[in-house]
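Engineer: Take a look at work29.cif, mmCIF, C-alpha atoms:
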```
data_protein
loop_
_atom_site.label_atom_id
_atom_site.label_comp_id
_atom_site.auth_asym_id
_atom_site.auth_seq_id
_atom_site.Cartn_x
_atom_site.Cartn_y
_atom_site.Cartn_z
CA MET A 16 67.47 39.93 -28.70
CA ASP A 17 69.28 37.17 -30.57
CA HIS A 18 71.40 35.13 -28.15
CA SER A 19 72.63 32.54 -30.66
CA LEU A 20 76.18 31.36 -30.01
CA LYS A 21 79.03 32.84 -32.05
CA TYR A 22 82.26 31.06 -32.90
CA SER A 23 84.50 33.64 -31.33
CA CYS A 24 86.29 34.33 -28.11
CA ILE A 25 86.07 37.05 -25.48
CA LEU A 26 88.66 37.87 -22.83
CA ILE A 27 87.68 39.42 -19.52
CA MET A 28 90.24 41.10 -17.32
CA CYS A 29 89.04 41.35 -13.73
CA MET A 30 90.26 43.03 -10.59
CA ILE A 31 88.76 41.31 -7.55
CA MET A 32 88.95 43.00 -4.18
CA LEU A 33 88.27 41.27 -0.87
CA VAL A 34 87.57 43.28 2.26
CA PRO A 35 89.70 42.16 5.20
CA ALA A 36 88.76 42.09 8.86
CA PHE A 37 92.03 43.01 10.57
CA SER A 38 94.36 45.95 11.27
CA TYR A 39 98.13 46.49 11.43
CA SER A 40 98.02 44.75 14.80
CA GLN A 41 97.32 41.59 12.79
CA SER A 42 99.77 42.36 10.00
CA SER A 43 102.46 40.17 8.48
CA VAL A 44 106.14 41.00 8.11
CA SER A 45 108.30 40.73 5.02
CA LYS A 46 110.57 42.86 2.83
CA ALA A 47 109.85 45.22 -0.05
CA ALA A 48 111.94 46.47 -2.94
CA PHE A 49 111.04 48.69 -5.91
CA TYR A 50 111.36 48.88 -9.68
CA THR A 51 111.68 51.93 -11.90
CA THR A 52 109.87 53.05 -15.03
CA ALA A 53 110.11 56.28 -16.99
CA ASP A 54 107.28 57.87 -15.02
CA GLY A 55 107.66 55.96 -11.75
CA MET A 56 104.31 54.24 -12.21
CA GLY A 57 103.41 50.64 -13.03
CA THR A 58 104.17 48.59 -16.11
CA PRO A 59 101.66 47.47 -18.79
CA SER A 60 103.40 44.10 -19.16
CA GLY A 61 102.52 42.62 -15.77
CA ALA A 62 101.63 38.94 -15.40
CA CYS A 63 98.06 39.80 -14.37
CA GLY A 64 97.34 40.90 -17.94
CA TYR A 65 95.95 44.34 -17.06
CA GLY A 66 97.87 46.08 -19.86
CA ASP A 67 97.84 49.88 -19.71
CA TYR A 68 95.27 49.74 -16.92
CA GLY A 69 97.84 47.99 -14.73
CA LYS A 70 100.19 50.90 -15.29
CA ASP A 71 97.81 53.62 -14.11
CA VAL A 72 95.47 51.90 -11.64
CA ASN A 73 95.59 53.33 -8.10
CA ASN A 74 97.52 56.33 -9.48
CA GLY A 75 100.39 54.04 -10.44
CA GLU A 76 100.91 52.81 -6.88
CA VAL A 77 101.09 49.13 -7.77
CA CYS A 78 103.29 46.18 -6.98
CA THR A 79 104.69 42.89 -8.10
CA ALA A 80 103.82 40.15 -5.61
CA SER A 81 105.72 37.01 -4.69
CA ARG A 82 104.41 33.72 -6.01
CA ARG A 83 103.01 33.02 -2.55
CA LEU A 84 100.75 36.09 -2.74
CA TYR A 85 100.19 35.95 -6.50
CA ARG A 86 98.70 32.45 -6.17
CA ASN A 87 98.76 31.62 -9.86
CA GLY A 88 96.79 34.75 -10.69
CA ALA A 89 94.16 34.51 -7.95
CA GLY A 90 95.97 37.33 -6.11
CA CYS A 91 95.73 39.75 -9.04
CA GLY A 92 93.96 42.98 -8.16
CA ALA A 93 94.33 42.45 -4.41
CA CYS A 94 95.16 45.54 -2.36
CA TYR A 95 97.62 45.70 0.52
CA GLN A 96 98.52 48.43 2.98
CA VAL A 97 102.30 48.37 3.29
CA ARG A 98 104.54 50.31 5.65
CA CYS A 99 108.25 50.06 6.29
CA LYS A 100 109.71 49.65 9.76
CA ASN A 101 112.54 52.19 9.71
CA THR A 102 111.04 54.77 12.07
CA ALA A 103 113.53 57.44 11.04
CA LEU A 104 112.48 57.31 7.39
CA CYS A 105 109.08 55.63 7.17
CA SER A 106 105.61 57.01 7.69
CA GLU A 107 103.25 55.37 10.14
CA GLU A 108 100.49 54.86 7.57
CA GLY A 109 102.54 53.61 4.63
CA THR A 110 100.81 53.25 1.29
CA LYS A 111 98.18 51.10 -0.41
CA VAL A 112 99.26 49.10 -3.46
CA VAL A 113 97.48 46.94 -6.02
CA VAL A 114 98.94 43.62 -7.24
CA THR A 115 99.46 43.72 -11.02
CA ASP A 116 102.42 41.39 -11.54
CA SER A 117 104.35 38.46 -10.09
CA ALA A 118 108.04 37.91 -9.37
CA ASP A 119 110.29 36.79 -6.55
CA GLY A 120 113.37 38.67 -5.46
CA GLN A 121 115.64 39.19 -2.45
CA GLU A 122 113.20 37.52 -0.05
CA ALA A 123 110.74 40.35 -0.73
CA ASP A 124 107.02 39.63 -1.00
CA PHE A 125 106.51 43.01 -2.67
CA ILE A 126 108.35 44.85 -5.43
CA LEU A 127 106.66 48.24 -5.54
CA SER A 128 106.53 50.77 -8.33
CA TYR A 129 108.84 53.70 -7.59
CA LYS A 130 105.83 55.94 -6.92
CA ALA A 131 104.45 53.51 -4.34
CA TYR A 132 107.84 52.91 -2.72
CA ALA A 133 108.46 56.64 -2.33
CA LYS A 134 105.11 56.97 -0.54
CA LEU A 135 106.49 54.80 2.27
CA ALA A 136 108.67 57.73 3.36
CA LYS A 137 107.64 60.17 6.09
CA ASN A 138 107.87 63.02 3.60
CA PRO A 139 109.05 63.54 -0.01
CA SER A 140 112.47 64.79 1.07
CA LEU A 141 113.20 61.42 2.72
CA ALA A 142 112.10 59.36 -0.29
CA PRO A 143 115.56 59.41 -1.97
CA HIS A 144 117.16 58.16 1.25
CA LEU A 145 114.61 55.37 1.53
CA CYS A 146 115.07 54.39 -2.11
CA GLY A 147 118.82 54.33 -1.55
CA LYS A 148 118.35 51.37 0.76
CA GLY A 149 116.88 49.30 -2.07
CA VAL A 150 115.19 46.73 0.19
CA VAL A 151 113.41 47.50 3.46
CA ASP A 152 111.68 45.55 6.19
CA ILE A 153 107.91 46.01 6.10
CA GLU A 154 104.60 45.17 7.72
CA TYR A 155 101.62 44.57 5.46
CA ARG A 156 97.94 43.71 5.63
CA ARG A 157 95.18 43.00 3.13
CA VAL A 158 92.75 45.91 2.69
CA SER A 159 89.73 46.87 0.62
CA CYS A 160 90.57 48.49 -2.68
CA GLY A 161 87.54 50.77 -2.37
CA TYR A 162 86.80 50.98 -6.07
CA GLY A 163 83.06 50.95 -5.37
CA GLY A 164 80.32 48.93 -7.05
CA ASN A 165 77.45 47.06 -5.49
CA LEU A 166 77.04 43.31 -5.51
CA MET A 167 74.02 41.09 -5.56
CA GLU A 168 73.42 37.37 -5.41
CA GLU A 169 71.50 35.68 -8.20
CA SER A 170 70.51 32.17 -9.16
CA GLN A 171 70.26 31.36 -12.87
CA GLN A 172 72.04 29.50 -15.64
CA TRP A 173 75.64 30.51 -16.22
CA ILE A 174 78.43 29.53 -18.61
CA SER A 175 81.78 28.61 -17.02
CA MET A 176 84.87 30.56 -18.07
CA ARG A 177 88.50 29.46 -18.20
CA ARG A 178 91.37 31.30 -16.50
CA ALA A 179 93.73 32.06 -19.37
CA TYR A 180 96.47 33.56 -17.19
CA GLY A 181 96.81 35.99 -14.31
CA ALA A 182 93.52 37.85 -13.99
CA VAL A 183 92.48 37.18 -17.58
CA TRP A 184 89.55 34.82 -18.25
CA ASP A 185 88.29 33.69 -21.62
CA LEU A 186 85.22 32.04 -23.10
CA SER A 187 84.76 30.35 -26.46
CA SER A 188 81.51 30.92 -28.35
CA PRO A 189 79.93 33.43 -25.92
CA PRO A 190 76.37 34.67 -26.49
CA CYS A 191 75.91 38.17 -27.91
CA GLY A 192 74.37 41.14 -26.14
CA ASP A 193 75.09 42.60 -22.69
CA LEU A 194 76.73 40.02 -20.42
CA LYS A 195 77.35 39.86 -16.69
CA VAL A 196 80.14 38.09 -14.85
CA ARG A 197 80.01 36.48 -11.41
CA PHE A 198 82.62 34.85 -9.19
CA LEU A 199 82.49 32.11 -6.59
CA THR A 200 84.22 33.50 -3.51
CA SER A 201 85.24 31.72 -0.36
CA THR A 202 86.15 33.10 3.07
CA SER A 203 86.51 31.52 6.48
CA VAL A 204 82.86 32.40 7.06
CA GLU A 205 81.03 31.52 3.84
CA THR A 206 81.15 30.64 0.17
CA LYS A 207 78.89 32.58 -2.19
CA TRP A 208 78.42 33.84 -5.73
CA VAL A 209 78.88 37.58 -6.25
CA GLN A 210 78.42 39.71 -9.34
CA SER A 211 78.31 43.27 -10.58
CA ASP A 212 74.99 45.10 -10.47
CA LYS A 213 75.34 46.04 -14.13
CA ALA A 214 76.49 44.42 -17.36
CA VAL A 215 80.28 44.34 -17.43
CA ILE A 216 80.51 43.27 -21.08
CA PRO A 217 78.81 45.72 -23.47
CA ALA A 218 76.56 44.55 -26.27
CA GLN A 219 79.07 45.96 -28.78
CA TRP A 220 81.87 43.57 -27.82
CA LYS A 221 83.94 42.08 -30.65
CA ALA A 222 85.86 38.83 -30.95
CA GLY A 223 89.26 39.06 -29.30
CA LEU A 224 88.30 42.14 -27.28
CA THR A 225 89.84 42.48 -23.80
CA ILE A 226 87.51 44.09 -21.27
CA GLU A 227 88.58 45.64 -17.96
CA THR A 228 86.21 45.43 -14.99
CA ASP A 229 86.48 46.18 -11.27
CA ILE A 230 84.39 44.11 -8.86
CA GLN A 231 84.62 44.65 -5.08
CA LEU A 232 83.83 41.59 -3.02
CA THR A 233 82.62 42.33 0.50
#
```
What does the file become when written as structure tokens?
Structural biologist:
Amino acid sequence: MDHSLKYSCILIMCMIMLVPAFSYSQSSVSKAAFYTTADGMGTPSGACGYGDYGKDVNNGEVCTASRRLYRNGAGCGACYQVRCKNTALCSEEGTKVVVTDSADGQEADFILSYKAYAKLAKNPSLAPHLCGKGVVDIEYRRVSCGYGGNLMEESQQWISMRRAYGAVWDLSSPPCGDLKVRFLTSTSVETKWVQSDKAVIPAQWKAGLTIETDIQLT
């Protein structure tokens, strides 16, 4: 296969999920609000750059995160279990949301899609009452997104990519053919390279193409 360099650019849109090691007993407290769209789902114009995928991912149960959680795009694709603290209206489990955008508002770390916000309620009949409050006190914790996919460690020559914005990375003059992507991840325990077990960029890619890929980091 010819791997000569081409004068073109490829964009890779990644959702990176880290598996946490704590429960609601180790949760944080904040506030959550919601935004509305025609169908109650996410928006394709989020800062993470997911496009239409950011609208539908996780069945539209997505959120805008504060700058503190967005972390200049490093927080894109993270999943959080969120529950509100009004025991009369809120379910004990809450709902899981995916970060697809960034904004700050009303001291809330999360601005949920309407569909996600309504899931905070004990039952559908209480959702309008909960939404009527606009902003609610919440507890939240980081959780695994559970999108699947195995990881493996590898040692070979790699080409560095540049974060363009949010969760979008680009590379000038990439080689042709099937390509894999890996990430350097750090936790309190270790730092390691992780990658998908299959090519995430198909051989048929074209210049300027944006590619969506889910990678779960365990």
Engineer: Up to 9 Å from (106.0, 44.0, -10.1) in the file's coordinates: name the residues, counting all atoms listed in the file, as a compact mmCIF listing (two decimals) with C-alpha atoms, keeping the file's coordinate frame.
Structural biologist:
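Written output follows (point.txt):
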```txt
# COMPACT_ATOMS: atom_id res chain seq x y z
CA PHE A 49 111.04 48.69 -5.91
CA TYR A 50 111.36 48.88 -9.68
CA GLY A 57 103.41 50.64 -13.03
CA THR A 58 104.17 48.59 -16.11
CA GLY A 61 102.52 42.62 -15.77
CA ALA A 62 101.63 38.94 -15.40
CA VAL A 77 101.09 49.13 -7.77
CA CYS A 78 103.29 46.18 -6.98
CA THR A 79 104.69 42.89 -8.10
CA ALA A 80 103.82 40.15 -5.61
CA SER A 81 105.72 37.01 -4.69
CA VAL A 114 98.94 43.62 -7.24
CA THR A 115 99.46 43.72 -11.02
CA ASP A 116 102.42 41.39 -11.54
CA SER A 117 104.35 38.46 -10.09
CA ALA A 118 108.04 37.91 -9.37
CA PHE A 125 106.51 43.01 -2.67
CA ILE A 126 108.35 44.85 -5.43
CA LEU A 127 106.66 48.24 -5.54
CA SER A 128 106.53 50.77 -8.33
```
Engineer: Just give me the gap between CA of Leu104 (chain A) and CA of Ala136 (chain A) in Å, one decimal is fine.
Structural biologist: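 Taking CA of Leu104 (chain A) as the start and CA of Ala136 (chain A) as the end point, the length is 5.6 Å.
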Engineer: How many Å lie between CA of Ala53 (chain A) and CA of Leu135 (chain A), rounded to one decimal?
Structural biologist: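 Spanning CA of Ala53 (chain A) to CA of Leu135 (chain A) is a straight-line distance of 19.7 Å.
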Engineer: For Glu107 (chain A), which residue out of A:Val158, A:Ala182, A:Met56, A:Ile153 is the nearest one, using only C-alpha atoms?
Structural biologist: A:Ile153
Engineer: One decimal, Å: what's the distance from CA of Val112 (chain A) over to CA of Trp184 (chain A), could you say?
Structural biologist: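 Between CA of Val112 (chain A) and CA of Trp184 (chain A) the gap works out to 22.7 Å.
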Engineer: Using all atoms listed in the file, pick whichever of A:Val97, A:Asn73, A:Tyr129, A:Glu122 has the shortest atom-to-atom distance to Thr52 (chain A).
Structural biologist: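 The answer is A:Tyr129, which sits nearest to Thr52 (chain A).
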Engineer: Applying 9 Å and all atoms listed in the file, which residues near Asn87 (chain A) remain after dropping the ones on its own chain fewer than 5 positions away? List them as a PDB file with C-alpha atoms, in the coordinates of the input.
Structural biologist:
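The result, stored in selection-v8.pdb:
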```pdb
ATOM      1  CA  ARG A  82     104.410  33.720  -6.010  1.00  0.00           C
ATOM      2  CA  SER A 117     104.350  38.460 -10.090  1.00  0.00           C
ATOM      3  CA  TYR A 180      96.470  33.560 -17.190  1.00  0.00           C
ATOM      4  CA  GLY A 181      96.810  35.990 -14.310  1.00  0.00           C
TER       5      GLY A 181
END
```
Engineer: Residues picked by the PyMOL selection byres ((chain A and resi 94) around 8) here, as a list in words?
Structural biologist: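 With the PyMOL selection byres ((chain A and resi 94) around 8) on this model, the match is Met32, Gly92, Ala93, Tyr95, Gln96, Lys111, Val112, Val113, Val114, Arg157, Val158, Ser159 and Cys160 of chain A.
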Engineer: Which residue out of A:Leu145, A:Ala89, A:Val183, A:Ala47 has the minimum interatomic distance to Gly66 (chain A) when all atoms listed in the file are used?
Structural biologist: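 Checking each candidate against Gly66 (chain A), we get A:Val183 as the closest.
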Engineer: What do you get, as a list in words, if you spell out every residue that the PyMOL selection byres ((chain A and resi 101) around 12) selects here?
Structural biologist: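 When the PyMOL selection byres ((chain A and resi 101) around 12) is applied, the selected residues are Lys46, Arg98, Cys99, Lys100, Thr102, Ala103, Leu104, Cys105, Ser106, Glu107, Gly109, Leu135, Ala136, Lys137, Leu141, His144, Leu145, Lys148, Val150, Val151, Asp152, Ile153 and Glu154 of chain A.
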Engineer: For this structure, which residues satisfy the selection - the PyMOL selection byres ((chain A and resi 67) around 12) - when it is evaluated on the file as given? I want them as a list in words.
Structural biologist: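 What the PyMOL selection byres ((chain A and resi 67) around 12) grabs from the file is Met28, Met56, Gly57, Thr58, Pro59, Ser60, Gly61, Cys63, Gly64, Tyr65, Gly66, Tyr68, Gly69, Lys70, Asp71, Val72, Gly75, Thr115, Thr225, Ile226 and Glu227 of chain A.
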